[in-house]
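Dumped protein19.cif below, it's mmCIF, C-alpha atoms:
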```cif
data_target
#
loop_
_atom_site.group_PDB
_atom_site.id
_atom_site.type_symbol
_atom_site.label_atom_id
_atom_site.label_comp_id
_atom_site.auth_asym_id
_atom_site.auth_seq_id
_atom_site.Cartn_x
_atom_site.Cartn_y
_atom_site.Cartn_z
ATOM 1 C CA MET N 34 0.000 0.000 0.000
ATOM 2 C CA PRO N 35 1.390 3.431 -0.847
ATOM 3 C CA GLU N 36 2.068 5.963 1.860
ATOM 4 C CA ARG N 37 -0.917 8.149 2.513
ATOM 5 C CA ASP N 38 0.649 11.401 1.492
ATOM 6 C CA GLU N 39 2.482 9.942 -1.462
ATOM 7 C CA PRO N 40 1.017 11.622 -4.510
ATOM 8 C CA THR N 41 -0.133 8.652 -6.511
ATOM 9 C CA GLY N 42 -3.201 8.529 -8.707
ATOM 10 C CA ALA N 43 -5.220 7.755 -5.581
ATOM 11 C CA LEU N 44 -5.478 11.489 -4.992
ATOM 12 C CA VAL N 45 -8.379 11.967 -7.300
ATOM 13 C CA ARG N 46 -9.776 8.468 -7.381
ATOM 14 C CA PRO N 47 -12.062 8.697 -4.324
ATOM 15 C CA TYR N 48 -14.268 11.099 -6.218
ATOM 16 C CA ALA N 49 -14.571 8.764 -9.182
ATOM 17 C CA VAL N 50 -17.773 7.332 -7.688
ATOM 18 C CA THR N 51 -19.265 10.801 -7.791
ATOM 19 C CA ARG N 52 -18.040 11.258 -11.381
ATOM 20 C CA GLY N 53 -15.600 13.819 -10.143
ATOM 21 C CA ARG N 54 -18.087 16.033 -8.375
ATOM 22 C CA THR N 55 -16.791 17.313 -5.047
ATOM 23 C CA ARG N 56 -19.633 19.691 -4.257
ATOM 24 C CA PRO N 57 -22.703 18.098 -2.700
ATOM 25 C CA LYS N 58 -26.184 19.162 -3.792
ATOM 26 C CA LEU N 59 -26.956 19.695 -0.123
ATOM 27 C CA GLU N 60 -24.732 20.590 2.824
ATOM 28 C CA ILE N 61 -24.985 17.725 5.293
ATOM 29 C CA ALA N 62 -23.529 17.881 8.797
ATOM 30 C CA LEU N 63 -21.164 15.165 9.980
ATOM 31 C CA GLU N 64 -23.728 14.018 12.540
ATOM 32 C CA ALA N 65 -26.855 14.542 10.394
ATOM 33 C CA LEU N 66 -29.000 11.405 10.381
ATOM 34 C CA VAL N 67 -29.945 9.555 7.235
ATOM 35 C CA GLU N 68 -32.938 7.281 6.869
ATOM 36 C CA THR N 69 -34.079 5.366 3.801
ATOM 37 C CA THR N 70 -37.448 6.441 2.440
ATOM 38 C CA VAL N 71 -40.150 4.153 1.065
ATOM 39 C CA ARG N 72 -38.996 5.158 -2.384
ATOM 40 C CA GLY N 73 -35.400 4.328 -1.478
ATOM 41 C CA ARG N 74 -36.466 0.933 -0.183
ATOM 42 C CA SER N 75 -38.357 0.013 -3.329
ATOM 43 C CA GLY N 76 -35.354 1.261 -5.289
ATOM 44 C CA ILE N 77 -33.103 -1.309 -3.584
ATOM 45 C CA ARG N 78 -35.578 -4.089 -4.249
ATOM 46 C CA GLY N 79 -35.786 -3.064 -7.872
ATOM 47 C CA GLY N 80 -32.005 -3.065 -8.089
ATOM 48 C CA GLN N 81 -31.933 0.594 -9.153
ATOM 49 C CA GLY N 82 -29.069 2.992 -8.673
ATOM 50 C CA GLY N 83 -25.379 2.373 -8.252
ATOM 51 C CA SER N 84 -23.979 -0.074 -5.745
ATOM 52 C CA GLU N 85 -23.165 2.768 -3.353
ATOM 53 C CA HIS N 86 -26.775 3.895 -3.425
ATOM 54 C CA GLN N 87 -27.997 0.386 -2.751
ATOM 55 C CA TYR N 88 -25.539 -0.130 0.078
ATOM 56 C CA ILE N 89 -26.535 3.135 1.776
ATOM 57 C CA ALA N 90 -30.245 2.483 1.278
ATOM 58 C CA ALA N 91 -29.871 -0.956 2.888
ATOM 59 C CA MET N 92 -27.767 0.401 5.747
ATOM 60 C CA CYS N 93 -30.221 3.144 6.733
ATOM 61 C CA ASP N 94 -33.395 1.122 6.285
ATOM 62 C CA GLY N 95 -35.811 -0.358 8.818
ATOM 63 C CA GLY N 96 -35.514 2.426 11.389
ATOM 64 C CA ARG N 97 -31.723 2.123 11.583
ATOM 65 C CA VAL N 98 -30.803 5.742 11.088
ATOM 66 C CA GLN N 99 -27.128 6.390 10.514
ATOM 67 C CA SER N 100 -25.145 9.601 10.544
ATOM 68 C CA LEU N 101 -23.208 10.773 7.523
ATOM 69 C CA ALA N 102 -20.032 9.982 9.487
ATOM 70 C CA GLU N 103 -21.142 6.376 10.039
ATOM 71 C CA ILE N 104 -22.017 5.914 6.383
ATOM 72 C CA ALA N 105 -18.604 7.225 5.318
ATOM 73 C CA ALA N 106 -16.793 5.071 7.896
ATOM 74 C CA ARG N 107 -18.684 1.872 7.129
ATOM 75 C CA MET N 108 -18.256 2.307 3.390
ATOM 76 C CA GLN N 109 -14.625 3.340 3.822
ATOM 77 C CA LEU N 110 -15.254 6.397 1.742
ATOM 78 C CA PRO N 111 -13.820 9.826 2.470
ATOM 79 C CA LEU N 112 -16.362 12.041 4.154
ATOM 80 C CA GLY N 113 -16.634 14.413 1.196
ATOM 81 C CA VAL N 114 -17.418 11.564 -1.186
ATOM 82 C CA ALA N 115 -20.090 10.120 1.097
ATOM 83 C CA ARG N 116 -21.593 13.593 1.422
ATOM 84 C CA VAL N 117 -21.959 13.972 -2.349
ATOM 85 C CA ILE N 118 -23.583 10.536 -2.679
ATOM 86 C CA VAL N 119 -26.004 11.018 0.226
ATOM 87 C CA ALA N 120 -26.930 14.491 -1.041
ATOM 88 C CA ASP N 121 -27.721 12.994 -4.457
ATOM 89 C CA MET N 122 -29.868 10.328 -2.826
ATOM 90 C CA ALA N 123 -31.707 12.943 -0.756
ATOM 91 C CA HIS N 124 -32.242 14.973 -3.917
ATOM 92 C CA ASP N 125 -33.779 11.908 -5.572
ATOM 93 C CA GLY N 126 -35.974 11.173 -2.550
ATOM 94 C CA LEU N 127 -34.229 7.886 -1.730
ATOM 95 C CA VAL N 128 -33.227 8.986 1.769
ATOM 96 C CA ALA N 129 -34.386 11.564 4.275
ATOM 97 C CA VAL N 130 -31.707 13.671 5.979
ATOM 98 C CA TYR N 131 -32.380 14.970 9.499
ATOM 99 C CA GLU N 132 -30.096 17.824 10.423
ATOM 100 C CA PRO N 133 -28.944 18.180 14.038
ATOM 101 C CA THR N 134 -30.931 20.473 16.320
ATOM 102 C CA SER N 135 -29.392 23.921 16.400
ATOM 103 C CA LEU N 136 -27.969 25.170 19.684
ATOM 104 C CA GLU N 137 -26.977 28.481 18.194
ATOM 105 C CA ASP N 138 -29.926 30.636 19.175
ATOM 106 C CA GLU N 139 -29.461 31.356 22.853
ATOM 107 C CA THR N 140 -32.970 32.585 23.404
ATOM 108 C CA ASP N 141 -34.393 29.470 21.817
ATOM 109 C CA ALA N 142 -35.903 26.960 24.197
ATOM 110 C CA VAL N 143 -35.312 24.201 21.641
ATOM 111 C CA GLY N 144 -31.590 24.072 22.351
ATOM 112 C CA THR N 145 -32.104 24.018 26.102
ATOM 113 C CA GLU N 146 -34.668 21.250 25.816
ATOM 114 C CA LEU N 147 -32.248 19.214 23.714
ATOM 115 C CA LEU N 148 -29.504 19.635 26.314
ATOM 116 C CA GLU N 149 -31.869 18.522 29.060
ATOM 117 C CA ARG N 150 -32.740 15.424 27.044
ATOM 118 C CA VAL N 151 -29.062 14.632 26.522
ATOM 119 C CA LEU N 152 -28.419 15.098 30.223
ATOM 120 C CA SER N 153 -31.203 12.818 31.381
ATOM 121 C CA GLY N 154 -30.267 10.263 28.726
ATOM 122 C CA LEU N 155 -26.665 10.196 29.928
ATOM 123 C CA ARG N 156 -27.797 9.789 33.529
ATOM 124 C CA ARG N 157 -29.890 6.771 32.533
ATOM 125 C CA LEU N 158 -26.995 5.023 30.799
ATOM 126 C CA MET K 204 -37.122 -1.683 15.904
ATOM 127 C CA SER K 205 -39.936 -0.771 13.563
ATOM 128 C CA PRO K 206 -39.574 2.084 11.131
ATOM 129 C CA ARG K 207 -40.586 5.416 12.511
ATOM 130 C CA PRO K 208 -43.982 6.446 11.234
ATOM 131 C CA SER K 209 -43.490 10.187 11.575
ATOM 132 C CA ALA K 210 -40.554 11.754 9.849
ATOM 133 C CA GLY K 211 -38.653 14.774 11.076
ATOM 134 C CA ARG K 212 -38.563 14.174 14.792
ATOM 135 C CA VAL K 213 -35.357 12.188 14.885
ATOM 136 C CA THR K 214 -32.290 14.298 15.541
ATOM 137 C CA SER K 215 -28.704 14.189 16.693
ATOM 138 C CA ALA K 216 -26.165 16.112 18.729
ATOM 139 C CA LYS K 217 -22.425 15.877 19.153
ATOM 140 C CA ILE K 218 -19.684 16.382 21.683
ATOM 141 C CA VAL K 219 -16.062 16.892 20.648
ATOM 142 C CA ILE K 220 -13.305 14.980 22.430
ATOM 143 C CA ALA K 221 -9.955 16.734 22.118
ATOM 144 C CA GLY K 222 -6.466 16.357 23.531
ATOM 145 C CA GLY K 223 -2.953 15.407 22.534
ATOM 146 C CA PHE K 224 -1.865 12.257 20.768
ATOM 147 C CA GLY K 225 -2.134 9.177 22.961
ATOM 148 C CA VAL K 226 -4.068 10.923 25.725
ATOM 149 C CA GLY K 227 -6.926 8.408 25.512
ATOM 150 C CA LYS K 228 -9.529 10.053 23.272
ATOM 151 C CA THR K 229 -10.527 6.870 21.486
ATOM 152 C CA THR K 230 -10.456 4.925 24.754
ATOM 153 C CA LEU K 231 -12.853 7.419 26.279
ATOM 154 C CA VAL K 232 -15.164 7.286 23.264
ATOM 155 C CA GLY K 233 -15.070 3.480 23.259
ATOM 156 C CA SER K 234 -15.861 3.143 26.955
ATOM 157 C CA VAL K 235 -19.305 4.659 26.523
ATOM 158 C CA SER K 236 -20.171 4.163 22.837
ATOM 159 C CA GLU K 237 -22.797 1.601 21.816
ATOM 160 C CA ILE K 238 -20.759 0.810 18.717
ATOM 161 C CA THR K 239 -17.065 -0.018 18.407
ATOM 162 C CA PRO K 240 -15.543 3.367 17.590
ATOM 163 C CA LEU K 241 -15.471 3.986 13.857
ATOM 164 C CA THR K 242 -12.992 5.998 11.869
ATOM 165 C CA THR K 243 -14.005 8.486 9.244
ATOM 166 C CA GLU K 244 -11.555 10.128 6.931
ATOM 167 C CA ALA K 245 -11.566 13.484 5.263
ATOM 168 C CA ILE K 246 -9.346 14.583 2.433
ATOM 169 C CA MET K 247 -7.865 18.010 2.259
ATOM 170 C CA THR K 248 -6.651 19.177 -1.115
ATOM 171 C CA SER K 249 -4.284 22.067 -1.529
ATOM 172 C CA ALA K 250 -3.507 23.089 -5.045
ATOM 173 C CA GLY K 251 -0.130 23.888 -6.450
ATOM 174 C CA VAL K 252 2.070 23.490 -3.374
ATOM 175 C CA GLY K 253 5.699 22.666 -4.068
ATOM 176 C CA VAL K 254 5.322 21.874 -7.741
ATOM 177 C CA ASP K 255 9.072 22.016 -8.201
ATOM 178 C CA ASP K 256 9.547 19.105 -5.884
ATOM 179 C CA ASN K 257 9.894 16.066 -8.106
ATOM 180 C CA ARG K 258 8.275 13.825 -5.519
ATOM 181 C CA GLN K 259 5.026 15.569 -6.195
ATOM 182 C CA VAL K 260 2.778 15.666 -9.165
ATOM 183 C CA PRO K 261 2.071 19.221 -10.233
ATOM 184 C CA GLY K 262 -1.302 20.556 -9.289
ATOM 185 C CA LYS K 263 -2.784 18.875 -6.307
ATOM 186 C CA MET K 264 -1.576 17.581 -2.968
ATOM 187 C CA THR K 265 -3.845 15.832 -0.567
ATOM 188 C CA THR K 266 -3.726 14.971 3.069
ATOM 189 C CA THR K 267 -5.972 12.471 4.778
ATOM 190 C CA VAL K 268 -7.256 13.261 8.233
ATOM 191 C CA ALA K 269 -8.801 10.536 10.377
ATOM 192 C CA MET K 270 -11.272 10.973 13.217
ATOM 193 C CA ASP K 271 -12.587 8.319 15.551
ATOM 194 C CA PHE K 272 -16.132 8.555 16.793
ATOM 195 C CA GLY K 273 -18.769 6.723 18.777
ATOM 196 C CA ARG K 274 -22.512 6.798 19.205
ATOM 197 C CA ILE K 275 -24.925 6.846 22.156
ATOM 198 C CA SER K 276 -28.690 6.515 21.714
ATOM 199 C CA ILE K 277 -30.021 9.037 24.206
ATOM 200 C CA ASP K 278 -33.641 8.169 23.588
ATOM 201 C CA ARG K 279 -35.706 6.840 20.745
ATOM 202 C CA ASP K 280 -35.317 9.943 18.630
ATOM 203 C CA LEU K 281 -32.028 11.434 19.738
ATOM 204 C CA ILE K 282 -28.529 10.146 19.035
ATOM 205 C CA LEU K 283 -25.437 11.662 20.587
ATOM 206 C CA TYR K 284 -22.136 11.346 18.719
ATOM 207 C CA LEU K 285 -18.731 11.681 20.305
ATOM 208 C CA PHE K 286 -16.076 12.831 17.863
ATOM 209 C CA GLY K 287 -12.387 12.608 18.649
ATOM 210 C CA THR K 288 -10.348 15.385 17.084
ATOM 211 C CA PRO K 289 -7.629 14.438 14.602
ATOM 212 C CA GLY K 290 -4.332 13.775 16.339
ATOM 213 C CA GLN K 291 -2.457 16.528 14.576
ATOM 214 C CA THR K 292 -3.773 19.945 15.463
ATOM 215 C CA ARG K 293 -2.453 21.383 12.216
ATOM 216 C CA PHE K 294 -5.481 19.975 10.442
ATOM 217 C CA TRP K 295 -7.668 22.872 11.493
ATOM 218 C CA PHE K 296 -9.959 22.558 8.490
ATOM 219 C CA MET K 297 -11.506 19.511 10.100
ATOM 220 C CA TRP K 298 -11.887 21.179 13.480
ATOM 221 C CA ASP K 299 -14.165 23.803 11.965
ATOM 222 C CA GLU K 300 -16.566 21.127 10.866
ATOM 223 C CA LEU K 301 -16.255 19.273 14.167
ATOM 224 C CA VAL K 302 -17.168 22.216 16.383
ATOM 225 C CA ARG K 303 -20.010 23.501 14.208
ATOM 226 C CA GLY K 304 -23.200 22.880 16.197
ATOM 227 C CA ALA K 305 -21.438 20.899 18.925
ATOM 228 C CA ILE K 306 -22.785 20.923 22.485
ATOM 229 C CA GLY K 307 -19.285 21.409 23.796
ATOM 230 C CA ALA K 308 -15.904 19.771 24.101
ATOM 231 C CA VAL K 309 -13.972 17.598 26.509
ATOM 232 C CA VAL K 310 -10.280 18.484 26.555
ATOM 233 C CA MET K 311 -8.397 15.441 27.782
ATOM 234 C CA VAL K 312 -5.192 16.096 29.624
ATOM 235 C CA ASP K 313 -2.242 13.933 30.520
ATOM 236 C CA THR K 314 -0.553 15.879 33.321
ATOM 237 C CA ARG K 315 2.840 14.576 32.203
ATOM 238 C CA ARG K 316 2.321 16.268 28.824
ATOM 239 C CA LEU K 317 0.175 19.234 29.692
ATOM 240 C CA ALA K 318 1.259 21.398 26.746
ATOM 241 C CA ASP K 319 -0.311 18.927 24.295
ATOM 242 C CA CYS K 320 -3.749 20.368 25.005
ATOM 243 C CA PHE K 321 -2.913 24.066 24.659
ATOM 244 C CA ALA K 322 -3.862 24.248 20.991
ATOM 245 C CA ALA K 323 -7.265 22.672 21.622
ATOM 246 C CA ILE K 324 -8.039 25.058 24.484
ATOM 247 C CA ASP K 325 -7.025 28.058 22.377
ATOM 248 C CA PHE K 326 -9.223 26.857 19.550
ATOM 249 C CA PHE K 327 -12.335 26.324 21.707
ATOM 250 C CA GLU K 328 -11.902 29.644 23.495
ATOM 251 C CA HIS K 329 -11.548 31.405 20.174
ATOM 252 C CA ARG K 330 -14.690 29.689 18.852
ATOM 253 C CA ARG K 331 -16.531 30.240 22.154
ATOM 254 C CA LEU K 332 -17.310 26.560 22.373
ATOM 255 C CA PRO K 333 -17.872 25.539 26.010
ATOM 256 C CA TYR K 334 -15.353 22.955 27.193
ATOM 257 C CA LEU K 335 -14.215 21.198 30.303
ATOM 258 C CA VAL K 336 -10.840 19.736 31.162
ATOM 259 C CA ALA K 337 -10.710 16.030 31.996
ATOM 260 C CA ILE K 338 -7.492 14.802 33.586
ATOM 261 C CA ASN K 339 -7.036 11.217 32.444
ATOM 262 C CA CYS K 340 -5.617 9.259 35.359
ATOM 263 C CA PHE K 341 -3.434 6.592 33.798
ATOM 264 C CA ASP K 342 -2.943 3.562 36.016
ATOM 265 C CA GLY K 343 -5.422 5.084 38.446
ATOM 266 C CA MET K 344 -2.810 7.654 39.401
ATOM 267 C CA GLN K 345 -3.346 11.357 39.398
ATOM 268 C CA TYR K 346 -0.034 13.140 39.403
ATOM 269 C CA HIS K 347 -1.319 16.670 39.843
ATOM 270 C CA ASN K 348 -4.421 18.061 41.482
ATOM 271 C CA ALA K 349 -7.142 19.920 39.623
ATOM 272 C CA GLN K 350 -6.091 23.326 40.940
ATOM 273 C CA ASP K 351 -2.505 22.845 39.731
ATOM 274 C CA VAL K 352 -3.795 21.932 36.286
ATOM 275 C CA ARG K 353 -6.141 24.922 36.249
ATOM 276 C CA ASP K 354 -3.276 27.240 37.167
ATOM 277 C CA ALA K 355 -0.941 25.682 34.613
ATOM 278 C CA LEU K 356 -3.503 26.017 31.832
ATOM 279 C CA ALA K 357 -4.511 29.530 32.922
ATOM 280 C CA ILE K 358 -8.168 28.835 32.251
ATOM 281 C CA SER K 359 -11.139 30.740 33.597
ATOM 282 C CA SER K 360 -12.322 29.741 37.064
ATOM 283 C CA ASP K 361 -15.732 28.652 35.778
ATOM 284 C CA VAL K 362 -14.318 26.000 33.411
ATOM 285 C CA PRO K 363 -14.792 22.634 35.138
ATOM 286 C CA VAL K 364 -11.681 20.532 35.719
ATOM 287 C CA VAL K 365 -12.482 16.903 36.495
ATOM 288 C CA SER K 366 -10.532 13.670 36.840
ATOM 289 C CA CYS K 367 -11.427 10.536 34.954
ATOM 290 C CA ASP K 368 -10.379 7.072 33.969
ATOM 291 C CA ALA K 369 -11.082 6.960 30.233
ATOM 292 C CA ARG K 370 -11.314 3.155 30.282
ATOM 293 C CA ASN K 371 -14.182 3.242 32.756
ATOM 294 C CA ARG K 372 -17.717 3.652 31.445
ATOM 295 C CA GLU K 373 -19.092 5.266 34.626
ATOM 296 C CA SER K 374 -16.182 7.659 34.760
ATOM 297 C CA THR K 375 -16.622 8.692 31.121
ATOM 298 C CA LYS K 376 -20.347 9.054 31.653
ATOM 299 C CA ASN K 377 -19.683 11.430 34.542
ATOM 300 C CA VAL K 378 -17.350 13.540 32.410
ATOM 301 C CA LEU K 379 -20.049 13.920 29.752
ATOM 302 C CA ILE K 380 -22.699 14.704 32.380
ATOM 303 C CA SER K 381 -20.431 17.384 33.889
ATOM 304 C CA LEU K 382 -19.964 18.950 30.461
ATOM 305 C CA VAL K 383 -23.676 19.076 29.622
ATOM 306 C CA GLU K 384 -24.517 20.421 33.100
ATOM 307 C CA TYR K 385 -21.913 23.119 32.619
ATOM 308 C CA VAL K 386 -23.282 24.079 29.191
ATOM 309 C CA LEU K 387 -26.814 24.250 30.596
ATOM 310 C CA THR K 388 -25.705 26.380 33.547
ATOM 311 C CA MET K 389 -23.905 28.794 31.242
ATOM 312 C CA ARG K 390 -26.923 29.031 28.999
ATOM 313 C CA ARG K 391 -29.278 29.742 31.870
ATOM 314 C CA SER K 392 -27.040 32.316 33.468
ATOM 315 C CA ARG K 393 -26.766 34.109 30.139
ATOM 316 C CA ALA K 394 -30.529 34.040 29.770
ATOM 317 C CA VAL K 395 -31.120 35.816 33.106
ATOM 318 C CA ALA K 396 -28.077 38.121 32.986
ATOM 319 C CA PRO K 397 -28.946 41.816 32.565
ATOM 320 C CA ALA K 398 -28.031 43.230 29.193
#
```
Take the structure in this file and express it as C-alpha cells.
Amino acid sequence: MPERDEPTGALVRPYAVTRGRTRPKLEIALEALVETTVRGRSGIRGGQGGSEHQYIAAMCDGGRVQSLAEIAARMQLPLGVARVIVADMAHDGLVAVYEPTSLEDETDAVGTELLERVLSGLRRL
Amino acid sequence: MSPRPSAGRVTSAKIVIAGGFGVGKTTLVGSVSEITPLTTEAIMTSAGVGVDDNRQVPGKMTTTVAMDFGRISIDRDLILYLFGTPGQTRFWFMWDELVRGAIGAVVMVDTRRLADCFAAIDFFEHRRLPYLVAINCFDGMQYHNAQDVRDALAISSDVPVVSCDARNRESTKNVLISLVEYVLTMRRSRAVAPA
C-alpha cells in the first residue's frame, strides 16, 4: 500500500464514484441522520441505482438511522465523497436527511430542551 | 425496531473529544459508545504546493485526516455522537466542521504532557465553544491536582476541571454529564443576565 501522502493517482480516485463532483447538492452535517425512504427501499428491491446507493439504502433502512459519518466510515469512503452521494440520494428522494438540532440561538428553548434530554439520557446510561 | 412512522422528529447532537496524541480520546469514546468506535476520513486538497519538488505531481496535494467517533442513543429519537479530534492539530480545516453545532468539548489532559492540550483550548476559546478539562488518570494515578492543572492552563475559574479514567464507562459518563450540566448552567445564566 502506498504511503498516505504519497502523490499517486489515488489522490483523485475517491471522487470517481461521484463522477468527479466534489460539491454536494446539499450541505450535510457530519452528525446529520440519514434514513431510507419508502422510495429508497423500493429502489433497492428493484435493483436501481449504483452499488453505493444500494448499500446506503440498505444500511439506513428499517428504522436504523445512521449519521453521515457512520455511512462514510462503514463504506470506507472519504467524508466528502459520502456527502456527495447522500446528497444525491436525498435529492432523488431515496433517503431523508435529518439535520442536528441547532444550539446556536441562545434565546431558543429548543436548544435548552435538547440539552436537558441529553443530560437525562446520559444519567440513565 | 420498527420504522418510525413520523418523519422529522429524529435528531442528533455531538460532543467533541480533544487532547494530545495518545491521551486516551478513542479509549474514552469506546468506553461509553454503543458501537465499536469507527474511523471516518476526510481529504484536504491544496492546489499547487511545491510543484518544483519532483516527488510531487504538479497541481494537487492531498492529506488524509482521520477521526474516531462513537454513538450513544439518548432516547428513541435522539442520538449523541462523540467525535475525537484528529491527532495533529495542524489539520484545522476539520476542526471547523467538528465544532459547528457541537454541544461542547472535553479536553483530555495527561498531566505529564500538559502542553499537548494548549492548541485545543485556544481553539475552543476562540470559537466560544464551552469545554471542560478532563485529567485522564493513567494507572489510576493522578499526578497533579485539579487546581494545579487549572493554574498551569490559565483557564477561567468557571471551566470545570475533572478527573477521569477513560477506560471506565461510569467515569466517562460522569465527564459527559459534567460537560452538559456546565453548558446548561452557562446558557441559563446568560438568559437571566442583565443586558
(message) What's around segment 299-302 of chain K at 12 Å? Count only C-alpha atoms, leave out sequence neighbours fewer than 3 positions away in its own chain, and write the answer as JSON, numbers by chain.
(response) {"N": [60, 61, 62, 63, 64, 102, 112, 113, 136, 137], "K": [216, 217, 218, 219, 220, 221, 245, 270, 271, 272, 284, 285, 286, 287, 288, 289, 292, 293, 294, 295, 296, 305, 306, 307, 308, 309, 323, 326, 327, 328, 329, 330, 331, 332, 333, 334]}
(request) For the structure provided, state which residues fall under the PyMOL selection byres ((chain K and resi 374) around 12), and present them as a list of chain:residue names. (result) N:Leu155, N:Arg156, N:Leu158, K:Thr230, K:Leu231, K:Val232, K:Ser234, K:Val235, K:Ala337, K:Ile338, K:Asn339, K:Cys340, K:Gly343, K:Val365, K:Ser366, K:Cys367, K:Asp368, K:Ala369, K:Arg370, K:Asn371, K:Arg372, K:Glu373, K:Thr375, K:Lys376, K:Asn377, K:Val378, K:Leu379, K:Ile380, K:Ser381
(request) Kindly resolve the PyMOL selection byres ((chain N) within 8 of (chain K)) on the present coordinates and return the residues as a ChimeraX atom specification. (result) /N:37-40,44,62-66,94-97,102-103,105-107,109-113,131-137,139-140,145,148-152,154-156,158
(message) One number please: atom CA of Thr70 of chain N to atom CA of Asp121 of chain N, in Å, one decimal.
(response)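 Interatomic distance, atom CA of Thr70 of chain N to atom CA of Asp121 of chain N: 13.6 Å.
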(message) Restricting the calculation to all atoms listed in the file: of N:Ala115, N:Glu146, N:Val128, N:Asp141, which residue gets closest to Ala49 of chain N?
(response) N:Ala115
(message) Applying the PyMOL selection byres ((chain N and resi 67) around 6) to the file I just gave you, which residues come out? Please list them as a PyMOL selection string.
(response) chain N and resi 66+68+98-100+129-130
(request) Between atom CA of Ile77 of chain N and atom CA of Arg279 of chain K, measure the distance and give it in Å to one decimal. (result)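 Spanning atom CA of Ile77 of chain N to atom CA of Arg279 of chain K is a straight-line distance of 25.8 Å.
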(request) Mind checking which residues fall within 7 Å of Ala120 of chain N, counting only C-alpha atoms, ignoring those fewer than 5 positions away in the same chain, and posting them as a list in words? (result) Pro57, Lys58 and Leu59 of chain N
(message) Please list as a PyMOL selection string every residue within 7 Å of Gly126 of chain N, counting only C-alpha atoms and excluding residues in the same chain fewer than 4 positions away.
(response) chain N and resi 72-73+122
Can those selected residues be exported to a file as a PDB file, in the frame of the given file so that it contains C-alpha atoms?
```pdb
ATOM      1  CA  ARG N  72     -38.996   5.158  -2.384  1.00  0.00           C
ATOM      2  CA  GLY N  73     -35.400   4.328  -1.478  1.00  0.00           C
ATOM      3  CA  MET N 122     -29.868  10.328  -2.826  1.00  0.00           C
TER       4      MET N 122
END
```
(request) May I ask for the distance between atom CA of Ser360 of chain K and atom CA of Ala142 of chain N, given in Å to one decimal place? (result) 27.0 Å
(request) For the point (0.1, 16.6, 37.2) in the file's frame, write as an MDAnalysis selection string all residues with an atom no more than 10 Å away, counting all atoms listed in the file. (result) chainID K and resid 312:317 338 340 344:352 355
(request) Skip Phe224 of chain K itself and residues of its chain fewer than 3 positions away, then list as a list in words all residues within 9 Å of it, counting all atoms listed in the file. (result)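 Selected residues are Gly227, Lys228, Pro289, Gly290, Gln291 and Asp319 of chain K.
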